[in-house]
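Visitor: See input24.pdb below, with PDB, C-alpha atoms.
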ATOM      1  CA  MET S   1      37.698  27.172  -1.467
ATOM      2  CA  THR S   2      34.584  28.632   0.022
ATOM      3  CA  ILE S   3      33.049  30.058  -3.136
ATOM      4  CA  PRO S   4      30.222  27.937  -4.573
ATOM      5  CA  ILE S   5      30.979  26.686  -8.054
ATOM      6  CA  GLU S   6      27.748  28.201  -9.382
ATOM      7  CA  LEU S   7      29.155  31.730  -9.109
ATOM      8  CA  TYR S   8      31.975  30.931 -11.509
ATOM      9  CA  LEU S   9      29.604  29.179 -13.907
ATOM     10  CA  ILE S  10      27.185  32.124 -13.881
ATOM     11  CA  LEU S  11      30.028  34.565 -14.579
ATOM     12  CA  SER S  12      31.170  32.356 -17.434
ATOM     13  CA  ALA S  13      27.636  32.118 -18.857
ATOM     14  CA  PHE S  14      27.268  35.894 -18.633
ATOM     15  CA  MET S  15      30.533  36.494 -20.490
ATOM     16  CA  PHE S  16      29.516  33.990 -23.155
ATOM     17  CA  SER S  17      26.146  35.723 -23.635
ATOM     18  CA  VAL S  18      27.812  39.127 -23.903
ATOM     19  CA  GLY S  19      30.122  37.650 -26.534
ATOM     20  CA  ILE S  20      27.178  36.346 -28.563
ATOM     21  CA  VAL S  21      25.457  39.747 -28.425
ATOM     22  CA  GLY S  22      28.661  41.378 -29.640
ATOM     23  CA  VAL S  23      29.122  38.941 -32.516
ATOM     24  CA  LEU S  24      25.534  39.389 -33.696
ATOM     25  CA  THR S  25      25.144  43.164 -33.329
ATOM     26  CA  ARG S  26      28.547  44.701 -34.063
ATOM     27  CA  ARG S  27      29.430  45.356 -37.669
ATOM     28  CA  ASN S  28      33.188  45.936 -37.319
ATOM     29  CA  ALA S  29      34.983  42.700 -38.207
ATOM     30  CA  ILE S  30      37.769  43.333 -35.678
ATOM     31  CA  VAL S  31      35.291  43.834 -32.838
ATOM     32  CA  VAL S  32      33.504  40.647 -33.889
ATOM     33  CA  PHE S  33      36.842  38.880 -33.545
ATOM     34  CA  MET S  34      37.347  40.356 -30.088
ATOM     35  CA  CYS S  35      33.925  39.062 -29.047
ATOM     36  CA  ILE S  36      34.919  35.593 -30.250
ATOM     37  CA  GLU S  37      37.980  35.819 -28.002
ATOM     38  CA  LEU S  38      35.638  36.784 -25.156
ATOM     39  CA  MET S  39      33.560  33.653 -25.741
ATOM     40  CA  LEU S  40      36.678  31.458 -25.866
ATOM     41  CA  ASN S  41      37.771  32.935 -22.549
ATOM     42  CA  SER S  42      34.444  32.232 -20.903
ATOM     43  CA  ALA S  43      34.758  28.593 -21.958
ATOM     44  CA  ASN S  44      38.293  28.623 -20.517
ATOM     45  CA  LEU S  45      36.925  29.916 -17.209
ATOM     46  CA  THR S  46      34.485  27.005 -17.019
ATOM     47  CA  LEU S  47      37.233  24.487 -17.777
ATOM     48  CA  ILE S  48      39.539  25.955 -15.127
ATOM     49  CA  THR S  49      36.721  26.063 -12.580
ATOM     50  CA  PHE S  50      35.896  22.387 -12.946
ATOM     51  CA  SER S  51      39.569  21.465 -13.112
ATOM     52  CA  SER S  52      40.244  23.274  -9.857
ATOM     53  CA  TYR S  53      37.169  22.051  -8.026
ATOM     54  CA  LEU S  54      37.713  18.441  -9.053
ATOM     55  CA  GLY S  55      41.486  18.582  -8.531
ATOM     56  CA  ASP S  56      42.068  17.314 -12.068
ATOM     57  CA  THR S  57      44.854  18.826 -14.198
ATOM     58  CA  VAL S  58      43.404  17.808 -17.581
ATOM     59  CA  GLY S  59      41.036  20.788 -17.706
ATOM     60  CA  GLN S  60      43.979  23.161 -17.461
ATOM     61  CA  LEU S  61      45.745  21.266 -20.237
ATOM     62  CA  PHE S  62      42.734  21.831 -22.452
ATOM     63  CA  VAL S  63      42.847  25.532 -21.646
ATOM     64  CA  PHE S  64      46.479  25.474 -22.764
ATOM     65  CA  PHE S  65      45.464  23.975 -26.108
ATOM     66  CA  VAL S  66      42.559  26.410 -26.454
ATOM     67  CA  MET S  67      45.050  29.254 -26.008
ATOM     68  CA  ALA S  68      47.254  27.835 -28.787
ATOM     69  CA  VAL S  69      44.265  27.489 -31.121
ATOM     70  CA  ALA S  70      43.049  31.002 -30.235
ATOM     71  CA  ALA S  71      46.445  32.464 -31.070
ATOM     72  CA  ALA S  72      46.475  30.668 -34.432
ATOM     73  CA  GLU S  73      42.889  31.709 -35.122
ATOM     74  CA  ALA S  74      43.594  35.356 -34.322
ATOM     75  CA  ALA S  75      46.646  35.388 -36.608
ATOM     76  CA  VAL S  76      44.857  33.844 -39.593
ATOM     77  CA  GLY S  77      41.636  35.781 -39.034
ATOM     78  CA  LEU S  78      43.333  39.157 -38.819
ATOM     79  CA  ALA S  79      45.376  38.293 -41.910
ATOM     80  CA  ILE S  80      42.105  37.579 -43.738
ATOM     81  CA  ILE S  81      40.712  40.914 -42.517
ATOM     82  CA  ILE S  82      43.813  42.708 -43.812
ATOM     83  CA  ALA S  83      43.481  40.958 -47.183
ATOM     84  CA  ILE S  84      39.796  41.912 -47.414
ATOM     85  CA  PHE S  85      40.577  45.499 -46.450
ATOM     86  CA  ARG S  86      43.177  45.661 -49.239
ATOM     87  CA  ASN S  87      40.612  44.581 -51.800
ATOM     88  CA  LYS S  88      37.383  46.221 -50.669
ATOM     89  CA  LEU S  89      38.638  49.075 -48.434
ATOM     90  CA  THR S  90      36.123  48.213 -45.739
ATOM     91  CA  ILE S  91      35.861  45.869 -42.773
ATOM     92  CA  ASN S  92      32.134  46.360 -42.324
ATOM     93  CA  ILE S  93      30.783  42.828 -42.438
ATOM     94  CA  ASP S  94      27.522  43.985 -44.027
ATOM     95  CA  GLU S  95      29.417  45.116 -47.111
ATOM     96  CA  ILE S  96      31.524  41.973 -47.385
ATOM     97  CA  ASN S  97      28.963  39.827 -49.162
ATOM     98  CA  ILE S  98      30.763  38.441 -52.214
ATOM     99  CA  LEU S  99      29.984  34.875 -51.156
ATOM    100  CA  LYS S 100      26.270  35.650 -50.936
ATOM    101  CA  TRP S 101      23.921  34.980 -53.828
TER
ATOM    102  CA  MET N   1      33.574  37.154   4.302
ATOM    103  CA  SER N   2      36.762  35.438   3.424
ATOM    104  CA  ILE N   3      39.495  37.137   1.419
ATOM    105  CA  GLU N   4      38.778  34.663  -1.370
ATOM    106  CA  LEU N   5      35.175  35.805  -1.738
ATOM    107  CA  ILE N   6      36.188  39.473  -1.685
ATOM    108  CA  LEU N   7      38.759  38.855  -4.422
ATOM    109  CA  PHE N   8      36.192  36.913  -6.438
ATOM    110  CA  ILE N   9      33.702  39.775  -6.203
ATOM    111  CA  VAL N  10      36.318  42.347  -7.237
ATOM    112  CA  PHE N  11      37.726  40.387 -10.175
ATOM    113  CA  GLY N  12      34.347  39.006 -11.229
ATOM    114  CA  SER N  13      32.655  42.401 -11.341
ATOM    115  CA  VAL N  14      35.583  43.924 -13.250
ATOM    116  CA  CYS N  15      35.336  40.989 -15.646
ATOM    117  CA  ALA N  16      31.591  41.389 -16.217
ATOM    118  CA  VAL N  17      31.648  45.183 -16.556
ATOM    119  CA  THR N  18      34.560  45.245 -19.006
ATOM    120  CA  ALA N  19      32.945  42.464 -21.070
ATOM    121  CA  VAL N  20      29.868  44.660 -21.509
ATOM    122  CA  LEU N  21      32.004  47.743 -22.233
ATOM    123  CA  VAL N  22      33.827  45.849 -25.009
ATOM    124  CA  ILE N  23      30.630  45.495 -27.005
ATOM    125  CA  ILE N  24      29.034  48.901 -26.310
ATOM    126  CA  ARG N  25      32.010  51.168 -27.050
ATOM    127  CA  ILE N  26      32.008  52.461 -30.623
ATOM    128  CA  ASN N  27      35.759  53.018 -30.904
ATOM    129  CA  PRO N  28      37.475  49.626 -31.471
ATOM    130  CA  VAL N  29      40.671  50.800 -29.735
ATOM    131  CA  ILE N  30      38.711  51.422 -26.516
ATOM    132  CA  SER N  31      37.080  48.006 -26.926
ATOM    133  CA  ALA N  32      40.497  46.366 -27.264
ATOM    134  CA  LEU N  33      41.826  48.116 -24.147
ATOM    135  CA  PHE N  34      38.789  47.016 -22.113
ATOM    136  CA  LEU N  35      39.340  43.490 -23.406
ATOM    137  CA  VAL N  36      42.893  43.642 -22.012
ATOM    138  CA  VAL N  37      41.470  44.590 -18.593
ATOM    139  CA  ASN N  38      38.984  41.731 -18.923
ATOM    140  CA  PHE N  39      41.759  39.227 -19.630
ATOM    141  CA  ALA N  40      43.844  40.523 -16.732
ATOM    142  CA  SER N  41      40.960  40.134 -14.279
ATOM    143  CA  LEU N  42      40.343  36.641 -15.660
ATOM    144  CA  ALA N  43      43.966  35.866 -14.816
ATOM    145  CA  GLY N  44      43.191  37.021 -11.269
ATOM    146  CA  LEU N  45      40.239  34.617 -11.152
ATOM    147  CA  TYR N  46      42.518  31.807 -12.337
ATOM    148  CA  LEU N  47      44.878  32.624  -9.481
ATOM    149  CA  ILE N  48      41.991  32.349  -7.004
ATOM    150  CA  LEU N  49      41.240  28.955  -8.563
ATOM    151  CA  ASN N  50      44.839  27.816  -7.913
ATOM    152  CA  ALA N  51      45.718  27.662 -11.615
ATOM    153  CA  GLN N  52      49.032  29.504 -11.451
ATOM    154  CA  PHE N  53      50.520  28.433 -14.782
ATOM    155  CA  ILE N  54      47.364  29.214 -16.761
ATOM    156  CA  ALA N  55      47.103  32.628 -15.073
ATOM    157  CA  ILE N  56      50.612  33.544 -16.217
ATOM    158  CA  ALA N  57      49.963  32.121 -19.688
ATOM    159  CA  GLN N  58      46.755  34.162 -19.863
ATOM    160  CA  ILE N  59      48.675  37.366 -19.166
ATOM    161  CA  ILE N  60      51.475  36.540 -21.596
ATOM    162  CA  VAL N  61      49.475  35.045 -24.466
ATOM    163  CA  TYR N  62      46.132  36.861 -24.332
ATOM    164  CA  ALA N  63      46.738  40.217 -22.676
ATOM    165  CA  GLY N  64      50.231  40.415 -24.178
ATOM    166  CA  ALA N  65      50.518  38.820 -27.588
ATOM    167  CA  ILE N  66      46.999  38.558 -28.983
ATOM    168  CA  MET N  67      45.808  41.998 -27.866
ATOM    169  CA  VAL N  68      48.958  43.710 -29.169
ATOM    170  CA  PHE N  69      48.216  41.972 -32.451
ATOM    171  CA  PHE N  70      44.638  43.284 -32.432
ATOM    172  CA  LEU N  71      45.753  46.835 -31.645
ATOM    173  CA  PHE N  72      48.405  46.611 -34.353
ATOM    174  CA  VAL N  73      45.819  45.595 -36.954
ATOM    175  CA  ILE N  74      43.431  48.373 -35.833
ATOM    176  CA  MET N  75      46.264  50.871 -36.182
ATOM    177  CA  LEU N  76      47.235  49.452 -39.583
ATOM    178  CA  LEU N  77      43.752  49.522 -41.080
ATOM    179  CA  ASN N  78      42.514  52.803 -39.581
ATOM    180  CA  PRO N  79      39.023  52.204 -40.939
ATOM    181  CA  GLU N  80      36.565  54.900 -41.952
ATOM    182  CA  SER N  81      34.180  56.546 -39.494
ATOM    183  CA  GLU N  82      33.169  54.122 -36.794
ATOM    184  CA  LYS N  83      29.661  55.441 -36.250
ATOM    185  CA  LYS N  84      28.116  53.676 -39.206
ATOM    186  CA  PHE N  85      29.573  50.363 -38.138
ATOM    187  CA  PHE N  86      26.827  50.125 -35.585
ATOM    188  CA  SER N  87      23.813  48.430 -36.999
ATOM    189  CA  HIS N  88      21.113  50.995 -37.628
ATOM    190  CA  LYS N  89      18.311  48.500 -37.470
ATOM    191  CA  PRO N  90      17.026  48.459 -33.870
ATOM    192  CA  PHE N  91      14.904  45.396 -34.649
ATOM    193  CA  ILE N  92      17.991  43.198 -35.074
ATOM    194  CA  LYS N  93      19.464  44.464 -31.803
ATOM    195  CA  ILE N  94      16.294  43.817 -29.816
ATOM    196  CA  PHE N  95      15.833  40.395 -31.411
ATOM    197  CA  THR N  96      19.460  39.478 -30.636
ATOM    198  CA  VAL N  97      19.171  40.554 -27.015
ATOM    199  CA  ILE N  98      15.959  38.555 -26.570
ATOM    200  CA  VAL N  99      17.448  35.409 -28.096
ATOM    201  CA  VAL N 100      20.651  35.687 -26.067
ATOM    202  CA  ALA N 101      18.692  36.369 -22.864
ATOM    203  CA  LEU N 102      16.764  33.149 -23.503
ATOM    204  CA  VAL N 103      20.039  31.250 -23.979
ATOM    205  CA  PHE N 104      21.452  32.787 -20.793
ATOM    206  CA  ILE N 105      18.374  31.893 -18.753
ATOM    207  CA  GLN N 106      18.538  28.369 -20.109
ATOM    208  CA  ILE N 107      22.198  27.989 -19.080
ATOM    209  CA  ILE N 108      21.467  29.374 -15.594
ATOM    210  CA  TYR N 109      18.517  26.995 -15.276
ATOM    211  CA  MET N 110      20.739  24.065 -16.222
ATOM    212  CA  ILE N 111      23.399  25.140 -13.722
ATOM    213  CA  PHE N 112      20.928  25.277 -10.859
ATOM    214  CA  LEU N 113      19.122  22.143 -12.007
ATOM    215  CA  ALA N 114      22.355  20.184 -11.963
ATOM    216  CA  GLN N 115      23.420  21.596  -8.564
ATOM    217  CA  PRO N 116      27.116  20.880  -9.125
ATOM    218  CA  SER N 117      28.266  22.193  -5.749
ATOM    219  CA  GLU N 118      26.452  19.400  -3.915
ATOM    220  CA  GLU N 119      28.215  16.669  -5.848
ATOM    221  CA  ILE N 120      31.714  18.069  -5.738
ATOM    222  CA  THR N 121      33.688  17.515  -2.578
ATOM    223  CA  LYS N 122      36.820  19.501  -3.047
ATOM    224  CA  GLU N 123      39.924  19.721  -0.960
ATOM    225  CA  ALA N 124      42.256  22.672  -1.184
ATOM    226  CA  ALA N 125      45.336  20.428  -1.341
ATOM    227  CA  THR N 126      44.389  18.522  -4.502
ATOM    228  CA  SER N 127      43.238  21.714  -6.164
ATOM    229  CA  LEU N 128      46.502  23.424  -5.298
ATOM    230  CA  ASN N 129      48.437  20.451  -6.627
ATOM    231  CA  ALA N 130      46.467  20.309  -9.896
ATOM    232  CA  GLY N 131      47.483  23.767 -11.077
ATOM    233  CA  THR N 132      51.234  23.594 -10.643
ATOM    234  CA  ILE N 133      53.469  23.812 -13.674
ATOM    235  CA  GLU N 134      55.016  20.514 -12.596
ATOM    236  CA  GLN N 135      51.722  18.652 -12.959
ATOM    237  CA  ILE N 136      50.875  20.309 -16.267
ATOM    238  CA  GLY N 137      54.336  19.698 -17.684
ATOM    239  CA  LYS N 138      54.260  16.070 -16.609
ATOM    240  CA  LEU N 139      50.958  15.466 -18.377
ATOM    241  CA  LEU N 140      51.986  17.531 -21.386
ATOM    242  CA  PHE N 141      55.040  15.394 -22.093
ATOM    243  CA  THR N 142      53.550  11.986 -21.291
ATOM    244  CA  ASN N 143      49.870  11.403 -22.027
ATOM    245  CA  TYR N 144      49.279  14.499 -24.134
ATOM    246  CA  VAL N 145      52.514  14.703 -26.112
ATOM    247  CA  LEU N 146      50.756  14.118 -29.436
ATOM    248  CA  PRO N 147      48.280  17.022 -29.051
ATOM    249  CA  PHE N 148      51.201  19.130 -27.851
ATOM    250  CA  GLU N 149      53.161  18.445 -31.029
ATOM    251  CA  ALA N 150      50.013  19.002 -33.078
ATOM    252  CA  ALA N 151      49.562  22.400 -31.412
ATOM    253  CA  GLY N 152      53.127  23.247 -32.393
ATOM    254  CA  TYR N 153      52.461  22.334 -36.020
ATOM    255  CA  LEU N 154      49.184  24.259 -35.915
ATOM    256  CA  LEU N 155      50.995  27.403 -34.784
ATOM    257  CA  LEU N 156      53.631  26.947 -37.499
ATOM    258  CA  ALA N 157      50.928  26.478 -40.138
ATOM    259  CA  ALA N 158      49.040  29.523 -38.841
ATOM    260  CA  THR N 159      52.189  31.657 -38.989
ATOM    261  CA  ILE N 160      52.916  30.668 -42.576
ATOM    262  CA  GLY N 161      49.259  30.966 -43.550
ATOM    263  CA  ALA N 162      48.924  34.435 -42.027
ATOM    264  CA  LEU N 163      52.055  35.586 -43.879
ATOM    265  CA  VAL N 164      50.802  34.231 -47.207
ATOM    266  CA  ILE N 165      47.269  35.605 -46.837
ATOM    267  CA  ALA N 166      48.319  39.050 -45.674
ATOM    268  CA  LYS N 167      51.025  39.370 -48.316
ATOM    269  CA  LYS N 168      49.316  38.172 -51.457
ATOM    270  CA  LYS N 169      46.934  40.394 -53.338
ATOM    271  CA  PHE N 170      44.189  38.258 -54.727
ATOM    272  CA  GLU N 171      42.396  39.881 -57.643
TER
END
Show me, as C-alpha cells, the structure contained in the file I just sent.
Guide:
Amino acid sequence: MTIPIELYLILSAFMFSVGIVGVLTRRNAIVVFMCIELMLNSANLTLITFSSYLGDTVGQLFVFFVMAVAAAEAAVGLAIIIAIFRNKLTINIDEINILKW
Amino acid sequence: MSIELILFIVFGSVCAVTAVLVIIRINPVISALFLVVNFASLAGLYLILNAQFIAIAQIIVYAGAIMVFFLFVIMLLNPESEKKFFSHKPFIKIFTVIVVALVFIQIIYMIFLAQPSEEITKEAATSLNAGTIEQIGKLLFTNYVLPFEAAGYLLLAATIGALVIAKKKFE
C-alpha cells in the first residue's frame, strides 16, 4: 500500500462537501436524498480507509451496519416522499412547509 | 508509479467528477445514473483497500438495490418541470458554497495537522487479512451478534413502515 492515507481522506472530505452543497441548494426531495447517500458513502470510505490501513476488521463491520441503516432510511424516506406527493402533488421542499409556523 | 496509484487516480477522479455531476444536473434521472457510477467507482476504491466483501456489498446493496429503488420512485412520481426545482436565489447558493468551502478547508487542515500517515505503520498482509469475508463473518457472529440482529429487526421494521406509509392516505 503505497498510497498515503491523506489522499483517501481528502477524497472523502470532498465527497462529503459536495453532498452538503447538494442538500442545501437542491430543491427536489429525491435529489436531496441522493446527496445524503453520497455523504453516507464518504463516511464509509473513511471507515474503510482506516480499517485497511490499521489492519482492523471492525471498521468494515461498521460499514456493513451503515449500509443496512442506509437501506432502511432510503425505504422509509422514499415512502414518505410518495405519501407527501399523494397529498400535495409536489416534491419541492420549499412548498412542503406544513410543519412551519 | 505503481499500478495501485494509477488505479486510485482513475477511480478517485471518476468518484469526484460524478459526485459533482450528481448535484449540478437538473434531471434527477441523470443524477441517479451518475450516482450509480459514483458507487461503482467507490467499490473499486474498496477493492484497492483490500476490502473485498464490502466492495461486493457496495455493488449489490447501493448500486443495485438502493439506486433501482430511487429510479423506481422517480419514474413513479414523474414530477412537474424540473427547472423550477433549482433555487432561484443566487444568494443562498453563494452562501452555501462559501460555508461548505470553509468546512472543507477545516477538514483538510485537520487531516494535515494530524499527519496520520506518519503514525500508521501498515503491512499489506494484515490489511489483506482484515477484509476477507471470513474475518467479517467471524466478528459478525461472535462479538457483534447483537447489532447484527438489531440490523435485521431494523430492516424488518423499515419494510413494514415503508409499506404502511406509502399505502395509507393521511388526510
Visitor: Taking into account only C-alpha atoms, which residue in the set N:Val68, N:Val20, N:Ile26, N:Phe91 is nearest to Ala74 of chain S?
Guide: N:Val68
Visitor: So that I can see what lies close to Phe64 of chain S, please list as a ChimeraX atom specification the residues with an atom at most 12 Å from it, counting only C-alpha atoms and leaving out residues fewer than 2 positions away in the same chain.
Guide: /S:40-41,44-45,47-48,57-62,66-71 /N:51,53-58,61-62,131,133,136-137,139-140,144,147-148,151-152
Visitor: So for segment 69-82 of chain S, what box centre and size do we get, axis-aligned, 5 Å extra on each of the six sides, every listed atom, Å to one decimal, as lines of an AutoDock Vina configuration file?
Guide:
center_x = 43.7
center_y = 35.1
center_z = -37.0
size_x = 15.9
size_y = 25.2
size_z = 23.6
Visitor: Within 12 Å of Ile10 of chain S, counting all atoms listed in the file, which residues show up once you throw out same-chain ones fewer than 3 positions away? Write them as a list in words, please.
Guide: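 The neighbour list is Pro4, Ile5, Glu6, Leu7, Ala13, Phe14, Met15, Phe16, Ser17, Ser42, Ala43, Leu45, Thr46 and Thr49 of chain S; Gly12, Ser13, Ala16, Phe104, Ile105, Gln106, Ile107, Ile108, Tyr109, Met110, Ile111 and Phe112 of chain N.
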Visitor: Tell me which of S:Leu9, S:Phe33, S:Leu54, S:Gly22 sits closest to Leu128 of chain N, counting only C-alpha atoms.
Guide: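 The closest residue to Leu128 of chain N is S:Leu54.
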Visitor: Find, counting all atoms listed in the file, the residue in N:Ile94, N:Ala162, N:Ile59, N:Leu33 that gets nearest to chain S.
Guide: N:Ala162
Visitor: If we count all atoms listed in the file and set the cut-off at 10 Å, which residues sit around Ala124 of chain N, ignoring sequence neighbours fewer than 6 positions away in its own chain? Please answer as a ChimeraX atom specification.
Guide: /S:1-2,52-53,55 /N:49-50,130
Visitor: Those same residues, written as an mmCIF file, in the coordinates of the input with C-alpha atoms?
Guide:
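Dumped to part-v1.cif:
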data_model
loop_
_atom_site.group_PDB
_atom_site.id
_atom_site.type_symbol
_atom_site.label_atom_id
_atom_site.label_comp_id
_atom_site.auth_asym_id
_atom_site.auth_seq_id
_atom_site.Cartn_x
_atom_site.Cartn_y
_atom_site.Cartn_z
ATOM 1 C CA MET S 1 37.698 27.172 -1.467
ATOM 2 C CA THR S 2 34.584 28.632 0.022
ATOM 3 C CA SER S 52 40.244 23.274 -9.857
ATOM 4 C CA TYR S 53 37.169 22.051 -8.026
ATOM 5 C CA GLY S 55 41.486 18.582 -8.531
ATOM 6 C CA LEU N 49 41.240 28.955 -8.563
ATOM 7 C CA ASN N 50 44.839 27.816 -7.913
ATOM 8 C CA ALA N 130 46.467 20.309 -9.896
#
Visitor: Please report the interatomic distance between atom CA of Ile36 of chain S and atom CA of Phe65 of chain S in Å with one decimal.
Guide: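 Here the two named atoms are 16.2 Å from each other.
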Visitor: Take atom CA of Ala63 of chain N and atom CA of Ser51 of chain S and report the distance between them in Å, one decimal.
Guide: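 A separation of 22.2 Å between them.
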Visitor: Taking the file as shown, what set of residues would the PyMOL selection byres ((chain S and resi 28) around 7) give back, as a list in words?
Guide: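 Checking the PyMOL selection byres ((chain S and resi 28) around 7) against this file, the residues are Arg26, Arg27, Ala29, Ile30, Val31, Val32, Ile91, Asn92 and Ile93 of chain S; Phe85 of chain N.
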Visitor: Generate the output file for the selected residues, C-alpha atoms, as a short mmCIF file (atom, residue, chain, number, x, y, z; two decimals), keeping the file's coordinate frame.
Guide:
data_model
loop_
_atom_site.label_atom_id
_atom_site.label_comp_id
_atom_site.auth_asym_id
_atom_site.auth_seq_id
_atom_site.Cartn_x
_atom_site.Cartn_y
_atom_site.Cartn_z
CA ARG S 26 28.55 44.70 -34.06
CA ARG S 27 29.43 45.36 -37.67
CA ALA S 29 34.98 42.70 -38.21
CA ILE S 30 37.77 43.33 -35.68
CA VAL S 31 35.29 43.83 -32.84
CA VAL S 32 33.50 40.65 -33.89
CA ILE S 91 35.86 45.87 -42.77
CA ASN S 92 32.13 46.36 -42.32
CA ILE S 93 30.78 42.83 -42.44
CA PHE N 85 29.57 50.36 -38.14
#
Visitor: Determine the nearest neighbour of chain N from the options S:Ile98, S:Met39, S:Ile84, S:Ala75, counting all atoms listed in the file.
Guide: S:Ala75
Visitor: Between atom CA of Met1 of chain N and atom CA of Phe39 of chain N, what is the distance, to one decimal in Å?
Guide: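 Distance reported for this atom pair: 25.4 Å.
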Visitor: Just so the selection is clear, what residues does the PyMOL selection byres ((chain N and resi 159) around 12) cover here, as a short mmCIF file (atom, residue, chain, number, x, y, z; two decimals) with C-alpha atoms, in the coordinates of the input?
Guide:
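So result38.cif came out as:
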data_model
loop_
_atom_site.label_atom_id
_atom_site.label_comp_id
_atom_site.auth_asym_id
_atom_site.auth_seq_id
_atom_site.Cartn_x
_atom_site.Cartn_y
_atom_site.Cartn_z
CA ALA S 68 47.25 27.84 -28.79
CA VAL S 69 44.26 27.49 -31.12
CA ALA S 71 46.44 32.46 -31.07
CA ALA S 72 46.48 30.67 -34.43
CA GLU S 73 42.89 31.71 -35.12
CA ALA S 74 43.59 35.36 -34.32
CA ALA S 75 46.65 35.39 -36.61
CA VAL S 76 44.86 33.84 -39.59
CA GLY S 77 41.64 35.78 -39.03
CA LEU S 78 43.33 39.16 -38.82
CA ALA S 79 45.38 38.29 -41.91
CA GLY N 152 53.13 23.25 -32.39
CA TYR N 153 52.46 22.33 -36.02
CA LEU N 154 49.18 24.26 -35.92
CA LEU N 155 51.00 27.40 -34.78
CA LEU N 156 53.63 26.95 -37.50
CA ALA N 157 50.93 26.48 -40.14
CA ALA N 158 49.04 29.52 -38.84
CA ILE N 160 52.92 30.67 -42.58
CA GLY N 161 49.26 30.97 -43.55
CA ALA N 162 48.92 34.44 -42.03
CA LEU N 163 52.06 35.59 -43.88
CA VAL N 164 50.80 34.23 -47.21
CA ILE N 165 47.27 35.60 -46.84
CA ALA N 166 48.32 39.05 -45.67
#
Visitor: Return the single residue from N:Thr18, N:Arg25, N:Ser127, N:Ile3 that is closest to chain S, with distances computed using only C-alpha atoms.
Guide: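 Using only C-alpha atoms, chain S sits closest to N:Ser127.
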Visitor: Name the closest residue to chain S among the candidates N:Gln52, N:Lys138, N:Leu5, N:Val37; distances are taken between atoms, counting all atoms listed in the file.
Guide: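 Nearest to chain S: N:Leu5.
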Visitor: Which neighbours of Phe8 of chain N fall inside 8 Å, counting all atoms listed in the file, when residues of the same chain fewer than 4 positions from it are skipped, and could you give them as a PDB file with C-alpha atoms, in the coordinates of the input?
Guide:
ATOM      1  CA  GLU N   4      38.778  34.663  -1.370  1.00  0.00           C
ATOM      2  CA  GLY N  12      34.347  39.006 -11.229  1.00  0.00           C
ATOM      3  CA  LEU N  45      40.239  34.617 -11.152  1.00  0.00           C
ATOM      4  CA  ILE N  48      41.991  32.349  -7.004  1.00  0.00           C
TER       5      ILE N  48
END
